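Notes to accompany the following structure.
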Amino acid sequence: MQKIKLGISTCLLGENVRYDGGHKLDRFLTDTLGQYVDYVPVCPEVECGLPVPRESMHLEGNPESPRLVTSRTKQDMTERMVQWARKRVSELEKEDLCGFIFKSDSPSSGMERVRIYDEKGMPSKKGVGMFARVFMEYFPLLPVEEEGRLHDPRLRDNFIERIFALKRWREILGRKESRGNLVGYHTQHKLLILSHSPKHYQVMGKLAARAKEVPIRELYQQYQTILMEALQLKTTPKKNANVLMHMMGYFKEQLSSDEKQEVLQVIDHYRKEYIPLIVPITLIQHYIRKYDQPYLKEQVYLHPHPLELQLRNHV
Ligand code: SF4
């Protein structure tokens with residue numbers, strides 16, 4: 001697999017582009033995730049022509065249509081930033097990004113809960129950074145996260161799972177359009193989709209089943225939209241336990257009563273969050289090999305991202 005292309009706020013890579021001349025290097029993003037990712041850095045404030053160092057800025061006004069204003073001299077940078085951002089997102093379209101990692105709390109790059117001041121100068125955490133807003137409106141289905149939220153193991157696992165799933169989908173898009181390719185992708189991702197949303201799993205199953213009746217361009221577009229919507233919904237221990245039980249159903253008859261007892265107990269312990277997801281997954285994989293289940297062997301759910309990232313050791 002080629003590396004995944006991700007947009008990122010430049011300061012997270014350790015570049016000295018912040019208003020105070022510093023950076024916000026995030027070692028997980030550069031050293032760990034960076035092994036699988038080609039980053040496309042974007043610093044809205046520097047790229048729209050502001051110097052380093054520069055006066056700090058903040059958001060003011062209505063959270064739905066905020067102004068970007070310098071903190072001391074009160075210069076309004078809104079038009080400059082929005083015009084630049086619109087041009088930049090259309091350039092980014094050519095990059096074929098699989099997602100974006102934003103710097104939290106920034107009036108330009110923050111994805112959510114950015115401080116915004118009302119007319120009385122009272123702050124509330126209801127703002128969205130100027131560039132982040134334009135980006136998310138332009139690419140509504142693209143996976144986006146903030147570096148701070150990626151310290152949460154569940155959010156991290158979910159985001160990384162989504163970018164890998166999207167990368168594999170983009171590889172399908174890179175090949176000749178064919179119903180067979182789409183159905184092949186769907187077959188391998190079925191249980192992954194089920195772990196995010198049983199409802200989307202059903203809708204996508206029906207779409208794949210009548211693939212021959214839908215014009216191919218429409219089929220691809222519909223499938224992509226539902227896939228991205230499904231993966232936006234987070235997995236939970238309950239949903240994962242449901243998938244694990246579903247998998248066990250494939251070789252239930254072959255398991256000895258001792259083995260069955262063991263699998264059920266491990267799934268139950270995982271559901272109660274006594275043990276991480278990697279434990280039942282490893283056990284189930286063992287039985288898939290032992291009882292040779294070709295359909296399950298192909299399931300991306302068993303290895304949605306590189307094991308070396310150890311994401312399932314913490315969820
Ligand atoms: S938060 Fe955004 S605007 Fe600020 S330095 Fe980082 S990349 Fe540049």
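Every chain in the structure tokens takes a letter, A first, then B, and so on in the order presented; its residues are numbered from 1, and the ligands are numbered from 1 following the presented order.
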Name the residues of region 63-162 of chain A that fall into helix (DSSP H, G or I) according to DSSP on the backbone, using the chain letters and numbers of this document, as a count of residues only.
-> 40
Shell of 10 Å around ligand 1 (only C-alpha atoms and all ligand atoms), written as a ChimeraX atom specification | /A:8-25,41-48,50,52-53,56-57,102-110,129-132
Just to be explicit: take each residue in the selection above, keep N, CA and C atoms, and write the result as a CSV table (one decimal), in the first residue's frame.
```
chain,number,residue,atom,x,y,z
A,8,ILE,N,-2.4,18.4,7.2
A,8,ILE,CA,-2.1,18.6,8.6
A,8,ILE,C,-1.7,20.1,8.9
A,9,SER,N,-2.1,20.6,10.1
A,9,SER,CA,-1.6,21.9,10.4
A,9,SER,C,-0.1,21.9,10.6
A,10,THR,N,0.5,22.8,9.9
A,10,THR,CA,2.0,22.8,9.8
A,10,THR,C,2.7,22.7,11.1
A,11,CYS,N,2.2,23.5,12.1
A,11,CYS,CA,3.0,23.6,13.4
A,11,CYS,C,3.0,22.2,14.1
A,12,LEU,N,2.1,21.3,13.8
A,12,LEU,CA,2.2,20.0,14.4
A,12,LEU,C,3.4,19.1,13.9
A,13,LEU,N,3.9,19.5,12.8
A,13,LEU,CA,5.1,18.8,12.3
A,13,LEU,C,6.4,19.4,12.8
A,14,GLY,N,6.3,20.4,13.7
A,14,GLY,CA,7.5,20.9,14.3
A,14,GLY,C,8.0,22.2,13.6
A,15,GLU,N,7.3,22.7,12.6
A,15,GLU,CA,7.7,23.9,11.9
A,15,GLU,C,7.4,25.1,12.8
A,16,ASN,N,8.4,26.0,12.8
A,16,ASN,CA,8.2,27.3,13.6
A,16,ASN,C,7.4,28.3,12.9
A,17,VAL,N,6.1,28.0,12.8
A,17,VAL,CA,5.2,28.9,12.1
A,17,VAL,C,4.1,29.6,13.0
A,18,ARG,N,4.2,29.3,14.3
A,18,ARG,CA,3.2,29.9,15.2
A,18,ARG,C,3.4,31.4,15.4
A,19,TYR,N,2.4,32.1,15.9
A,19,TYR,CA,2.5,33.5,16.1
A,19,TYR,C,3.7,33.9,16.9
A,20,ASP,N,4.1,33.1,17.9
A,20,ASP,CA,5.2,33.4,18.8
A,20,ASP,C,6.5,32.8,18.2
A,21,GLY,N,6.5,32.3,17.0
A,21,GLY,CA,7.8,31.8,16.4
A,21,GLY,C,8.0,30.4,16.8
A,22,GLY,N,7.1,29.7,17.6
A,22,GLY,CA,7.3,28.4,18.0
A,22,GLY,C,6.6,27.4,17.2
A,23,HIS,N,6.5,26.1,17.7
A,23,HIS,CA,5.8,25.1,17.0
A,23,HIS,C,5.0,24.2,18.0
A,24,LYS,N,4.3,23.2,17.5
A,24,LYS,CA,3.5,22.3,18.4
A,24,LYS,C,3.8,20.9,18.0
A,25,LEU,N,5.0,20.5,17.9
A,25,LEU,CA,5.4,19.2,17.4
A,25,LEU,C,4.6,18.1,18.1
A,41,PRO,N,1.3,19.8,4.5
A,41,PRO,CA,1.2,20.8,5.6
A,41,PRO,C,0.4,22.0,5.1
A,42,VAL,N,-0.4,22.5,6.0
A,42,VAL,CA,-1.1,23.8,5.7
A,42,VAL,C,-1.1,24.7,6.9
A,43,CYS,N,-0.5,25.9,6.8
A,43,CYS,CA,-0.5,26.8,7.9
A,43,CYS,C,-1.3,28.0,7.3
A,44,PRO,N,-2.6,28.1,7.7
A,44,PRO,CA,-3.4,29.2,7.1
A,44,PRO,C,-2.8,30.6,7.3
A,45,GLU,N,-2.3,30.8,8.6
A,45,GLU,CA,-1.9,32.2,8.9
A,45,GLU,C,-0.7,32.6,8.1
A,46,VAL,N,0.3,31.7,8.0
A,46,VAL,CA,1.5,32.0,7.2
A,46,VAL,C,1.2,32.0,5.7
A,47,GLU,N,0.4,31.1,5.3
A,47,GLU,CA,0.1,30.9,3.8
A,47,GLU,C,-0.8,32.1,3.3
A,48,CYS,N,-1.5,32.7,4.2
A,48,CYS,CA,-2.3,33.9,3.7
A,48,CYS,C,-1.5,35.2,3.8
A,50,LEU,N,0.8,36.3,6.4
A,50,LEU,CA,1.2,36.9,7.7
A,50,LEU,C,2.6,36.4,8.1
A,52,VAL,N,6.1,35.6,10.6
A,52,VAL,CA,6.4,34.9,11.9
A,52,VAL,C,7.5,35.7,12.5
A,53,PRO,N,7.5,36.1,13.7
A,53,PRO,CA,6.3,36.1,14.6
A,53,PRO,C,5.3,37.1,14.1
A,56,SER,N,-1.0,37.8,17.9
A,56,SER,CA,-2.0,36.7,18.0
A,56,SER,C,-3.4,37.2,17.6
A,57,MET,N,-4.2,36.2,17.3
A,57,MET,CA,-5.6,36.5,16.8
A,57,MET,C,-6.6,35.7,17.6
A,102,PHE,N,-6.1,18.7,12.4
A,102,PHE,CA,-6.1,20.1,12.7
A,102,PHE,C,-5.4,20.4,14.1
A,103,LYS,N,-4.8,21.6,14.2
A,103,LYS,CA,-4.3,22.0,15.5
A,103,LYS,C,-5.5,22.5,16.3
A,104,SER,N,-5.7,22.0,17.5
A,104,SER,CA,-6.8,22.4,18.3
A,104,SER,C,-6.7,23.8,18.9
A,105,ASP,N,-7.8,24.4,19.2
A,105,ASP,CA,-7.9,25.7,19.8
A,105,ASP,C,-7.4,26.9,19.0
A,106,SER,N,-7.1,26.7,17.8
A,106,SER,CA,-6.6,27.8,16.9
A,106,SER,C,-7.8,28.5,16.2
A,107,PRO,N,-7.7,29.9,16.2
A,107,PRO,CA,-8.8,30.6,15.5
A,107,PRO,C,-8.8,30.4,14.0
A,108,SER,N,-7.7,29.8,13.5
A,108,SER,CA,-7.6,29.5,12.1
A,108,SER,C,-7.8,28.0,11.8
A,109,SER,N,-7.2,27.2,12.6
A,109,SER,CA,-7.1,25.8,12.3
A,109,SER,C,-8.0,24.9,13.2
A,110,GLY,N,-8.5,25.4,14.3
A,110,GLY,CA,-9.3,24.5,15.3
A,110,GLY,C,-10.5,24.0,14.7
A,129,GLY,N,-12.3,27.2,13.8
A,129,GLY,CA,-11.3,28.0,13.1
A,129,GLY,C,-11.7,28.3,11.7
A,130,MET,N,-11.3,29.5,11.2
A,130,MET,CA,-11.7,30.0,9.9
A,130,MET,C,-11.3,29.0,8.7
A,131,PHE,N,-10.1,28.5,8.7
A,131,PHE,CA,-9.7,27.6,7.6
A,131,PHE,C,-10.4,26.3,7.8
A,132,ALA,N,-10.5,25.8,9.0
A,132,ALA,CA,-11.1,24.5,9.3
A,132,ALA,C,-12.5,24.5,8.8
```
Can you list, as number ranges by chain, every residue of region 41-195 of chain A that DSSP puts in strand (DSSP E)?
-> A: 41-42, 57-60, 67-70, 100-102, 114-117, 123-127, 144-146
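Among the candidate residues A:Arg88, A:Arg67, A:His314, A:His151, the one lying nearest to Tyr117 (chain A) is A:Arg67, with distances computed using only C-alpha atoms.
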May I have the residues within 9 Å of region 33-35 of chain A as a ChimeraX atom specification, using only C-alpha atoms and disregarding those fewer than 4 positions away in the same chain?
-> /A:3,27-29,39,160,309
Which residue gives the smallest distance to Glu145 (chain A) among A:Gly249, A:Pro294, A:Gly7, A:Pro51, with only C-alpha atoms counted?
->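 Among the listed residues, the smallest separation from Glu145 (chain A) belongs to A:Gly7.
The closest residue to Met245 (chain A), picked from A:Pro280, A:Gly49, A:Pro215, A:Gly127 and counting only C-alpha atoms, is A:Pro280.
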